[in-house]
>>> print(open('my_file.txt').read())   # compact mmCIF, C-alpha atoms
# COMPACT_ATOMS: atom_id res chain seq x y z
CA MET A 1 -9.70 -23.65 30.37
CA SER A 2 -11.66 -22.84 33.52
CA ARG A 3 -10.63 -20.23 36.01
CA LEU A 4 -10.09 -21.14 39.64
CA PRO A 5 -13.29 -20.17 41.47
CA ILE A 6 -13.45 -18.15 44.67
CA GLY A 7 -13.15 -20.51 47.63
CA ALA A 8 -11.15 -23.11 45.73
CA SER A 9 -7.87 -24.41 47.08
CA ALA A 10 -4.57 -23.23 45.68
CA ILE A 11 -3.22 -25.61 43.06
CA PRO A 12 0.24 -26.98 43.81
CA PHE A 13 3.10 -25.82 41.61
CA GLU A 14 6.83 -26.08 41.46
CA LEU A 15 8.53 -23.40 39.45
CA PRO A 16 12.04 -21.99 39.13
CA GLY A 17 12.66 -18.49 40.35
CA ILE A 18 15.06 -16.02 38.82
CA ASP A 19 17.26 -16.46 41.89
CA GLY A 20 17.95 -20.10 41.03
CA ARG A 21 15.67 -21.50 43.72
CA HIS A 22 12.59 -23.61 43.14
CA TYR A 23 9.34 -22.45 44.66
CA SER A 24 6.14 -24.24 45.60
CA LEU A 25 3.13 -23.56 47.82
CA GLU A 26 5.11 -25.04 50.72
CA THR A 27 7.77 -22.36 50.31
CA PHE A 28 5.25 -19.85 51.63
CA ALA A 29 3.71 -22.03 54.34
CA ASP A 30 4.63 -19.56 57.07
CA HIS A 31 2.87 -16.66 55.34
CA GLN A 32 -0.68 -15.82 56.32
CA VAL A 33 -1.53 -14.45 52.90
CA LEU A 34 -0.24 -15.57 49.52
CA GLY A 35 -0.82 -13.62 46.32
CA LEU A 36 0.08 -15.22 43.03
CA ILE A 37 0.21 -12.61 40.29
CA PHE A 38 0.55 -13.70 36.69
CA SER A 39 2.83 -11.11 35.20
CA CYS A 40 5.54 -10.61 32.60
CA ASN A 41 8.10 -8.13 31.34
CA HIS A 42 6.75 -6.78 28.09
CA CYS A 43 3.17 -5.80 28.88
CA PRO A 44 2.51 -2.07 29.31
CA TYR A 45 -0.28 -2.85 31.76
CA VAL A 46 2.15 -4.74 33.97
CA GLN A 47 4.56 -1.84 33.67
CA ALA A 48 1.80 0.55 34.67
CA TRP A 49 0.97 -1.47 37.81
CA GLU A 50 4.46 -2.73 38.60
CA GLU A 51 5.40 -0.02 41.08
CA ARG A 52 2.13 -0.50 42.97
CA MET A 53 2.72 -4.24 43.26
CA ILE A 54 6.18 -3.53 44.63
CA ASP A 55 4.74 -1.01 47.09
CA VAL A 56 2.13 -3.50 48.34
CA GLN A 57 4.79 -6.13 48.96
CA HIS A 58 6.99 -3.68 50.85
CA GLU A 59 4.06 -2.47 52.90
CA TYR A 60 2.83 -5.91 53.91
CA ALA A 61 6.01 -7.98 54.02
CA GLU A 62 6.24 -7.84 57.80
CA ARG A 63 2.58 -8.75 58.22
CA GLY A 64 2.91 -12.21 56.72
CA VAL A 65 1.99 -11.38 53.15
CA ALA A 66 3.90 -12.87 50.23
CA LEU A 67 3.33 -11.78 46.67
CA VAL A 68 4.78 -14.00 43.97
CA LEU A 69 5.02 -13.02 40.32
CA ILE A 70 4.71 -15.76 37.70
CA ASN A 71 5.59 -15.23 34.05
CA ALA A 72 4.06 -17.81 31.70
CA ASN A 73 4.56 -16.00 28.39
CA ASP A 74 6.17 -17.88 25.54
CA PRO A 75 9.72 -16.49 25.28
CA GLN A 76 9.98 -17.63 21.68
CA LYS A 77 7.26 -15.16 20.77
CA TYR A 78 8.42 -12.56 23.29
CA PRO A 79 12.19 -12.74 23.86
CA VAL A 80 11.87 -9.89 26.35
CA ASP A 81 9.95 -12.36 28.54
CA SER A 82 12.81 -14.86 28.64
CA PHE A 83 14.24 -16.11 31.93
CA GLU A 84 17.35 -13.96 31.48
CA ALA A 85 15.25 -10.88 30.73
CA MET A 86 13.15 -11.62 33.81
CA GLN A 87 16.32 -11.62 35.90
CA GLN A 88 17.32 -8.28 34.45
CA ARG A 89 13.93 -6.67 35.04
CA ALA A 90 13.74 -7.90 38.62
CA GLN A 91 17.18 -6.50 39.28
CA THR A 92 16.48 -3.17 37.59
CA PHE A 93 13.25 -2.61 39.51
CA LYS A 94 14.48 -4.25 42.72
CA TYR A 95 11.65 -6.76 42.91
CA PRO A 96 10.90 -7.53 46.57
CA PHE A 97 9.12 -10.76 45.59
CA PRO A 98 10.03 -14.03 43.87
CA TYR A 99 9.66 -13.92 40.10
CA LEU A 100 8.92 -17.38 38.77
CA HIS A 101 9.13 -18.76 35.25
CA ASP A 102 6.24 -20.97 34.15
CA GLN A 103 7.81 -22.01 30.88
CA PRO A 104 5.53 -25.06 30.36
CA GLN A 105 2.58 -22.76 31.08
CA THR A 106 0.99 -25.51 33.17
CA THR A 107 0.53 -23.35 36.26
CA ALA A 108 -1.12 -20.54 34.30
CA ARG A 109 -3.43 -23.05 32.65
CA ALA A 110 -4.22 -24.79 35.93
CA TYR A 111 -5.25 -21.50 37.52
CA GLY A 112 -7.13 -20.40 34.42
CA ALA A 113 -5.09 -17.23 34.20
CA GLU A 114 -5.63 -15.22 31.03
CA ARG A 115 -3.99 -11.84 31.47
CA THR A 116 -1.08 -9.96 32.96
CA PRO A 117 -1.30 -8.69 35.59
CA GLU A 118 -3.87 -11.04 37.14
CA VAL A 119 -4.04 -11.59 40.89
CA PHE A 120 -5.02 -14.78 42.75
CA LEU A 121 -5.02 -14.05 46.50
CA PHE A 122 -5.18 -16.87 49.06
CA ASN A 123 -5.85 -16.89 52.79
CA GLN A 124 -3.91 -18.94 55.31
CA ALA A 125 -5.94 -22.05 54.46
CA ARG A 126 -4.90 -21.33 50.87
CA GLU A 127 -8.44 -20.77 49.73
CA LEU A 128 -8.89 -18.26 46.93
CA VAL A 129 -10.38 -15.11 48.41
CA TYR A 130 -9.73 -12.55 45.69
CA HIS A 131 -9.16 -12.76 41.97
CA GLY A 132 -8.65 -9.99 39.44
CA ALA A 133 -7.00 -6.61 39.14
CA VAL A 134 -4.61 -4.87 41.51
CA ASP A 135 -6.91 -1.85 41.64
CA ASP A 136 -9.46 -0.08 39.49
CA ASN A 137 -7.27 2.20 37.40
CA ARG A 138 -3.96 1.78 35.63
CA GLU A 139 -3.29 5.47 36.26
CA PRO A 140 -2.21 5.59 39.91
CA GLU A 141 -3.57 9.09 40.49
CA HIS A 142 -7.07 7.96 39.49
CA VAL A 143 -7.39 4.87 41.66
CA GLN A 144 -10.52 4.75 43.79
CA GLN A 145 -10.76 1.07 44.69
CA HIS A 146 -7.63 -0.65 46.00
CA TYR A 147 -8.87 -4.20 45.38
CA LEU A 148 -5.71 -6.10 46.29
CA ARG A 149 -4.80 -3.94 49.26
CA ASN A 150 -8.37 -4.10 50.60
CA ALA A 151 -8.48 -7.86 50.16
CA ILE A 152 -5.19 -8.27 52.02
CA GLU A 153 -6.42 -6.10 54.88
CA ALA A 154 -9.60 -8.15 55.08
CA VAL A 155 -7.76 -11.48 55.17
CA LEU A 156 -5.39 -10.20 57.84
CA ALA A 157 -8.47 -9.30 59.89
CA ASN A 158 -10.00 -12.75 59.24
CA GLN A 159 -12.74 -11.18 57.18
CA PRO A 160 -13.85 -11.83 53.62
CA PRO A 161 -12.68 -9.20 51.14
CA PRO A 162 -15.23 -6.48 50.38
CA ILE A 163 -14.87 -7.37 46.70
CA SER A 164 -13.79 -10.87 45.81
CA GLU A 165 -13.65 -10.75 42.04
CA THR A 166 -12.91 -8.11 39.41
CA PRO A 167 -11.96 -8.31 35.74
CA ALA A 168 -8.22 -8.53 35.22
CA VAL A 169 -7.21 -5.74 32.85
CA GLY A 170 -4.06 -6.35 30.88
CA CYS A 171 -2.32 -8.17 28.08
CA THR A 172 -3.31 -11.71 27.23
CA ILE A 173 -0.91 -14.45 28.26
CA LYS A 174 1.12 -15.44 25.21
CA TRP A 175 0.52 -19.18 24.86
CA SER A 176 2.93 -21.43 23.02
CA VAL A 177 0.17 -23.17 21.08
CA MET B 1 -5.71 20.40 5.15
CA THR B 2 -7.58 17.37 6.48
CA LEU B 3 -5.50 14.93 8.48
CA SER B 4 -5.98 11.31 7.53
CA ILE B 5 -5.73 9.21 10.68
CA ASP B 6 -5.64 5.44 10.76
CA TYR B 7 -6.45 4.00 14.20
CA LEU B 8 -5.13 0.44 14.25
CA TRP B 9 -6.37 -1.76 17.08
CA TRP B 10 -6.39 -5.37 18.27
CA ALA B 11 -9.41 -6.64 20.17
CA GLU B 12 -7.45 -8.51 22.84
CA CYS B 13 -5.87 -5.31 24.10
CA PRO B 14 -8.37 -3.69 26.43
CA SER B 15 -7.76 0.02 25.93
CA HIS B 16 -8.60 0.53 22.28
CA GLU B 17 -12.03 2.07 22.85
CA GLU B 18 -10.64 4.39 25.49
CA GLY B 19 -7.79 5.32 23.20
CA LEU B 20 -10.12 6.11 20.34
CA ALA B 21 -12.31 8.25 22.59
CA LEU B 22 -9.23 10.11 23.77
CA LEU B 23 -8.08 10.71 20.21
CA ARG B 24 -11.50 12.00 19.19
CA ALA B 25 -11.66 14.26 22.23
CA VAL B 26 -8.29 15.84 21.49
CA ILE B 27 -9.18 16.37 17.83
CA ALA B 28 -12.44 18.03 18.82
CA ALA B 29 -10.86 20.19 21.52
CA GLU B 30 -8.09 21.38 19.22
CA GLY B 31 -10.42 21.96 16.30
CA ILE B 32 -8.30 19.75 14.07
CA ASP B 33 -9.76 18.82 10.72
CA ALA B 34 -9.31 15.06 10.61
CA VAL B 35 -10.86 11.90 9.28
CA ILE B 36 -10.36 8.81 11.44
CA ARG B 37 -10.41 5.37 9.90
CA ARG B 38 -10.65 2.43 12.33
CA VAL B 39 -8.64 -0.57 11.24
CA GLU B 40 -8.97 -3.82 13.19
CA VAL B 41 -5.88 -5.99 13.18
CA CYS B 42 -7.11 -9.56 13.46
CA ASP B 43 -4.13 -11.86 12.97
CA GLU B 44 -0.38 -12.00 12.57
CA SER B 45 -0.54 -11.64 8.81
CA ASP B 46 -2.56 -8.41 9.28
CA ALA B 47 0.08 -7.22 11.75
CA GLN B 48 2.88 -7.81 9.26
CA ARG B 49 0.97 -6.32 6.33
CA LEU B 50 -0.07 -3.20 8.24
CA HIS B 51 3.29 -2.74 10.02
CA PHE B 52 1.41 -2.95 13.29
CA ILE B 53 3.66 -2.51 16.32
CA GLY B 54 0.94 -2.79 18.92
CA SER B 55 -2.55 -1.76 19.92
CA PRO B 56 -3.41 1.01 19.55
CA THR B 57 -1.26 2.42 16.78
CA ILE B 58 -2.11 5.83 15.36
CA LEU B 59 -0.93 6.76 11.90
CA VAL B 60 -1.28 10.37 10.82
CA ASN B 61 -1.07 10.76 7.07
CA GLY B 62 0.62 7.37 7.08
CA GLN B 63 3.20 8.37 9.68
CA ASP B 64 3.34 6.89 13.17
CA ILE B 65 2.25 9.45 15.72
CA ASP B 66 5.18 8.55 17.98
CA PRO B 67 8.54 9.63 16.54
CA HIS B 68 10.25 7.23 18.94
CA PRO B 69 8.01 4.17 19.23
CA VAL B 70 8.70 1.79 22.11
CA ALA B 71 9.65 -1.74 21.04
CA SER B 72 7.04 -4.30 22.03
CA GLY B 73 9.48 -7.02 23.03
CA ALA B 74 7.94 -9.47 20.57
CA ALA B 75 10.15 -11.59 18.34
CA SER B 76 8.87 -9.69 15.31
CA ILE B 77 8.77 -5.91 15.13
CA TYR B 78 5.20 -6.25 13.88
CA ALA B 79 3.01 -8.39 16.12
CA LEU B 80 -0.34 -8.80 17.83
CA THR B 81 0.50 -7.10 21.07
CA CYS B 82 -0.41 -4.22 23.33
CA ARG B 83 1.54 -1.10 22.60
CA ALA B 84 3.53 0.78 25.20
CA TYR B 85 3.79 4.55 25.25
CA GLN B 86 6.45 6.29 27.28
CA ARG B 87 5.20 9.16 29.37
CA ASP B 88 7.08 12.42 29.85
CA ASP B 89 8.04 11.25 33.33
CA GLY B 90 9.49 8.02 31.95
CA ARG B 91 6.62 5.77 32.99
CA MET B 92 5.29 3.26 30.50
CA ALA B 93 1.58 3.01 29.82
CA PRO B 94 -0.79 1.38 27.35
CA LEU B 95 -2.08 4.73 26.10
CA PRO B 96 -0.51 8.15 25.59
CA THR B 97 -1.64 11.06 27.68
CA ARG B 98 -4.08 13.64 26.39
CA GLU B 99 -1.36 16.31 26.48
CA TRP B 100 1.10 14.14 24.54
CA LEU B 101 -1.55 13.41 21.92
CA ARG B 102 -2.35 17.11 21.65
CA ARG B 103 1.30 18.00 21.12
CA ARG B 104 1.89 15.30 18.52
CA LEU B 105 -1.28 16.03 16.57
CA SER B 106 -0.50 19.74 16.57
CA ALA B 107 3.02 19.05 15.34
CA LEU B 108 1.84 16.74 12.58
CA ASN B 109 -0.97 19.11 11.64
CA THR B 110 1.48 21.90 10.91
CA SER B 111 4.24 19.84 9.32
>>> encode(input="my_file.txt", output="C-alpha cells")
Amino acid sequence: MSRLPIGASAIPFELPGIDGRHYSLETFADHQVLGLIFSCNHCPYVQAWEERMIDVQHEYAERGVALVLINANDPQKYPVDSFEAMQQRAQTFKYPFPYLHDQPQTTARAYGAERTPEVFLFNQARELVYHGAVDDNREPEHVQQHYLRNAIEAVLANQPPPISETPAVGCTIKWSV
Amino acid sequence: MTLSIDYLWWAECPSHEEGLALLRAVIAAEGIDAVIRRVEVCDESDAQRLHFIGSPTILVNGQDIDPHPVASGAASIYALTCRAYQRDDGRMAPLPTREWLRRRLSALNTS
C-alpha cells in the first residue's frame, strides 16, 4: 500500500455519512480547502486530538475550509467503531464536520492511510498539500507546531504550507484482513 | 519491599517508549524500590494469555495500576490495541500523567 504523495490529486470516494447522506469529493466542490482526516472512535490518540480538530473546523468554517472525518476501522474487531457508535460519538461531541464510514476500507487503502488521526489536506485544485499529524503534541498545552492550522492558513493565502509532511502519530487502522 | 512491575507494550502503539521513560522517572523521583520487566505483546494470543487490555499496561505486583481501567472498545477485553487513560479532568489520553502515576505507585507501594 503506497501513501498518496504530496502534490497528488485527491482520489474520488463515495461514502455514507452518519447523517444518512452520501459524500464525495464533489460534495465539497465549493470549499477552497478540504481536509480528509482518517479517524475513529476508540483510539486514545484521536480522543486526545478530537477537541482540537473540532476547534479548527469551527474556526475556519466560514473561510471555505471543510474537514471530513473518515472511519475505516473494522467494526467486527472494534464494535465501538460501528456506524451506530459513530453516530453517538458525533452527537455527544457535537461534531461540526461530516463523519464518514469507510466500511470496505477502500478509501483508506487508496489514500495509503495507516493511522488515526491522519490528515490529508487538499487545496482548491484538490492537490495534496499537507499530510500527517494535526500538530506536534498530543498534549494541547505543549503544542509548538500547529501543522494543520498552519497548512490551512498557507493554502488560504495561496502559499505552500511551511511543513508539508509529518509523521501521523496514533493508532493503526484496524484492517479487516 | 521491592515492587515487581511488568510493563506490557505493543510495538504498533507509538507511546510505549515515552511511557516507560515516564514510569522510570517517577520511580526514581519517588525513591521507590522497583524492578521493571518489559514484556512485548506481539500477537492476539499473547494479548489473551497476558490479559493485555492495551499498550502500555502496567502491572504492579501482578495488579493493574489503574483500579478503573478504561475499556478499549475492541470486541475482546484483551486485544492488540492502544490503551486509554482517563485524566483527572476527564480527558482521555494514551498515557497517564506523571502525577497520576506517582499517586498510584505510592498507593500500591504502601498497600
>>> atom_distance(input="my_file.txt", atom1="CA of Ile58 (chain B)", atom2="CA of Trp9 (chain B)")
8.9 Å
>>> interface_residues(input="my_file.txt", of="chain B", to="chain A", cutoff="10 Å", atoms="only C-alpha atoms", output="MDAnalysis selection string")
chainID B and resid 12:15 71:76 79 81:86 91:95
>>> atom_distance(input="my_file.txt", atom1="CA of Pro5 (chain A)", atom2="CA of His131 (chain A)")
8.5 Å
>>> residues_around(input="my_file.txt", residues="region 28-43 of chain B", least_positions_apart="3", cutoff="7 Å", atoms="only C-alpha atoms", output="list in words")
Thr2, Leu3, Ser4, Ile5, Asp6, Tyr7, Leu8, Trp9, Trp10, Arg24, Ala25, Asp46, Ala47 and Leu80 of chain B
>>> write_last_selection(input="my_file.txt", atoms="C-alpha atoms", output="short mmCIF file (atom, residue, chain, number, x, y, z; two decimals), in the coordinates of the input")
data_model
loop_
_atom_site.label_atom_id
_atom_site.label_comp_id
_atom_site.auth_asym_id
_atom_site.auth_seq_id
_atom_site.Cartn_x
_atom_site.Cartn_y
_atom_site.Cartn_z
CA THR B 2 -7.58 17.37 6.48
CA LEU B 3 -5.50 14.93 8.48
CA SER B 4 -5.98 11.31 7.53
CA ILE B 5 -5.73 9.21 10.68
CA ASP B 6 -5.64 5.44 10.76
CA TYR B 7 -6.45 4.00 14.20
CA LEU B 8 -5.13 0.44 14.25
CA TRP B 9 -6.37 -1.76 17.08
CA TRP B 10 -6.39 -5.37 18.27
CA ARG B 24 -11.50 12.00 19.19
CA ALA B 25 -11.66 14.26 22.23
CA ASP B 46 -2.56 -8.41 9.28
CA ALA B 47 0.08 -7.22 11.75
CA LEU B 80 -0.34 -8.80 17.83
#
>>> atom_distance(input="my_file.txt", atom1="CA of Arg102 (chain B)", atom2="CA of Glu51 (chain A)")
27.0 Å
>>> residues_near_point(input="my_file.txt", point="(0.6, 3.6, 45.3)", cutoff="12 Å", atoms="only C-alpha atoms", output="list of chain:residue names")
A:Ala48, A:Trp49, A:Glu50, A:Glu51, A:Arg52, A:Met53, A:Ile54, A:Asp55, A:Val56, A:Gln57, A:His58, A:Glu59, A:Val134, A:Asp135, A:Asn137, A:Arg138, A:Glu139, A:Pro140, A:Glu141, A:His142, A:Val143, A:Gln144, A:Gln145, A:His146, A:Leu148, A:Arg149
>>> residues_around(input="my_file.txt", residues="Ala66 (chain A)", least_positions_apart="3", cutoff="9 Å", atoms="all atoms listed in the file", output="mmCIF file with C-alpha atoms, in the frame of the given file")
data_model
loop_
_atom_site.group_PDB
_atom_site.id
_atom_site.type_symbol
_atom_site.label_atom_id
_atom_site.label_comp_id
_atom_site.auth_asym_id
_atom_site.auth_seq_id
_atom_site.Cartn_x
_atom_site.Cartn_y
_atom_site.Cartn_z
ATOM 1 C CA PHE A 28 5.250 -19.850 51.630
ATOM 2 C CA HIS A 31 2.870 -16.660 55.340
ATOM 3 C CA GLN A 32 -0.680 -15.820 56.320
ATOM 4 C CA VAL A 33 -1.530 -14.450 52.900
ATOM 5 C CA LEU A 34 -0.240 -15.570 49.520
ATOM 6 C CA GLY A 35 -0.820 -13.620 46.320
ATOM 7 C CA LEU A 36 0.080 -15.220 43.030
ATOM 8 C CA GLN A 57 4.790 -6.130 48.960
ATOM 9 C CA TYR A 60 2.830 -5.910 53.910
ATOM 10 C CA ALA A 61 6.010 -7.980 54.020
ATOM 11 C CA PHE A 97 9.120 -10.760 45.590
ATOM 12 C CA PRO A 98 10.030 -14.030 43.870
#
>>> decode(input="my_file.txt", residues="region 102-124 of chain A", atoms="N, CA and C atoms", output="PDB file, in the first residue's frame")
ATOM      1  N   ASP A 102     -16.075   4.251   6.173  1.00  0.00           N
ATOM      2  CA  ASP A 102     -15.404   3.548   5.062  1.00  0.00           C
ATOM      3  C   ASP A 102     -15.368   2.065   5.406  1.00  0.00           C
ATOM      4  N   GLN A 103     -16.541   1.460   5.423  1.00  0.00           N
ATOM      5  CA  GLN A 103     -16.599   0.053   5.850  1.00  0.00           C
ATOM      6  C   GLN A 103     -15.781  -0.873   4.942  1.00  0.00           C
ATOM      7  N   PRO A 104     -15.797  -0.676   3.609  1.00  0.00           N
ATOM      8  CA  PRO A 104     -14.967  -1.571   2.777  1.00  0.00           C
ATOM      9  C   PRO A 104     -13.475  -1.258   2.861  1.00  0.00           C
ATOM     10  N   GLN A 105     -13.156  -0.170   3.516  1.00  0.00           N
ATOM     11  CA  GLN A 105     -11.754   0.239   3.739  1.00  0.00           C
ATOM     12  C   GLN A 105     -11.036   0.607   2.443  1.00  0.00           C
ATOM     13  N   THR A 106     -11.778   0.770   1.371  1.00  0.00           N
ATOM     14  CA  THR A 106     -11.161   1.056   0.071  1.00  0.00           C
ATOM     15  C   THR A 106     -10.600   2.475   0.011  1.00  0.00           C
ATOM     16  N   THR A 107     -11.270   3.414   0.658  1.00  0.00           N
ATOM     17  CA  THR A 107     -10.770   4.797   0.631  1.00  0.00           C
ATOM     18  C   THR A 107      -9.483   4.903   1.443  1.00  0.00           C
ATOM     19  N   ALA A 108      -9.479   4.296   2.619  1.00  0.00           N
ATOM     20  CA  ALA A 108      -8.258   4.325   3.438  1.00  0.00           C
ATOM     21  C   ALA A 108      -7.099   3.682   2.688  1.00  0.00           C
ATOM     22  N   ARG A 109      -7.363   2.579   2.036  1.00  0.00           N
ATOM     23  CA  ARG A 109      -6.289   1.913   1.281  1.00  0.00           C
ATOM     24  C   ARG A 109      -5.846   2.761   0.090  1.00  0.00           C
ATOM     25  N   ALA A 110      -6.799   3.375  -0.586  1.00  0.00           N
ATOM     26  CA  ALA A 110      -6.451   4.187  -1.758  1.00  0.00           C
ATOM     27  C   ALA A 110      -5.555   5.367  -1.381  1.00  0.00           C
ATOM     28  N   TYR A 111      -5.832   5.944  -0.217  1.00  0.00           N
ATOM     29  CA  TYR A 111      -5.024   7.081   0.233  1.00  0.00           C
ATOM     30  C   TYR A 111      -3.724   6.635   0.909  1.00  0.00           C
ATOM     31  N   GLY A 112      -3.651   5.358   1.227  1.00  0.00           N
ATOM     32  CA  GLY A 112      -2.466   4.870   1.934  1.00  0.00           C
ATOM     33  C   GLY A 112      -2.447   5.288   3.385  1.00  0.00           C
ATOM     34  N   ALA A 113      -3.637   5.517   3.936  1.00  0.00           N
ATOM     35  CA  ALA A 113      -3.716   5.893   5.349  1.00  0.00           C
ATOM     36  C   ALA A 113      -3.327   4.699   6.220  1.00  0.00           C
ATOM     37  N   GLU A 114      -2.688   4.990   7.331  1.00  0.00           N
ATOM     38  CA  GLU A 114      -2.235   3.921   8.223  1.00  0.00           C
ATOM     39  C   GLU A 114      -2.689   4.121   9.660  1.00  0.00           C
ATOM     40  N   ARG A 115      -2.916   5.389  10.036  1.00  0.00           N
ATOM     41  CA  ARG A 115      -3.169   5.650  11.457  1.00  0.00           C
ATOM     42  C   ARG A 115      -4.373   6.561  11.658  1.00  0.00           C
ATOM     43  N   THR A 116      -4.781   6.644  12.893  1.00  0.00           N
ATOM     44  CA  THR A 116      -5.817   7.607  13.287  1.00  0.00           C
ATOM     45  C   THR A 116      -5.308   8.394  14.492  1.00  0.00           C
ATOM     46  N   PRO A 117      -5.335   9.714  14.432  1.00  0.00           N
ATOM     47  CA  PRO A 117      -5.780  10.536  13.309  1.00  0.00           C
ATOM     48  C   PRO A 117      -4.655  10.758  12.295  1.00  0.00           C
ATOM     49  N   GLU A 118      -5.026  10.850  11.033  1.00  0.00           N
ATOM     50  CA  GLU A 118      -4.059  11.098   9.955  1.00  0.00           C
ATOM     51  C   GLU A 118      -4.708  12.045   8.949  1.00  0.00           C
ATOM     52  N   VAL A 119      -4.068  13.175   8.731  1.00  0.00           N
ATOM     53  CA  VAL A 119      -4.643  14.266   7.940  1.00  0.00           C
ATOM     54  C   VAL A 119      -4.123  14.239   6.503  1.00  0.00           C
ATOM     55  N   PHE A 120      -5.043  14.395   5.546  1.00  0.00           N
ATOM     56  CA  PHE A 120      -4.689  14.650   4.138  1.00  0.00           C
ATOM     57  C   PHE A 120      -5.379  15.964   3.762  1.00  0.00           C
ATOM     58  N   LEU A 121      -4.594  17.018   3.557  1.00  0.00           N
ATOM     59  CA  LEU A 121      -5.157  18.344   3.298  1.00  0.00           C
ATOM     60  C   LEU A 121      -4.961  18.724   1.833  1.00  0.00           C
ATOM     61  N   PHE A 122      -6.049  19.162   1.191  1.00  0.00           N
ATOM     62  CA  PHE A 122      -6.032  19.471  -0.235  1.00  0.00           C
ATOM     63  C   PHE A 122      -6.356  20.943  -0.485  1.00  0.00           C
ATOM     64  N   ASN A 123      -5.713  21.499  -1.505  1.00  0.00           N
ATOM     65  CA  ASN A 123      -6.021  22.874  -1.904  1.00  0.00           C
ATOM     66  C   ASN A 123      -7.235  22.884  -2.841  1.00  0.00           C
ATOM     67  N   GLN A 124      -7.536  24.055  -3.383  1.00  0.00           N
ATOM     68  CA  GLN A 124      -8.749  24.158  -4.199  1.00  0.00           C
ATOM     69  C   GLN A 124      -8.678  23.288  -5.450  1.00  0.00           C
TER      70      GLN A 124
END
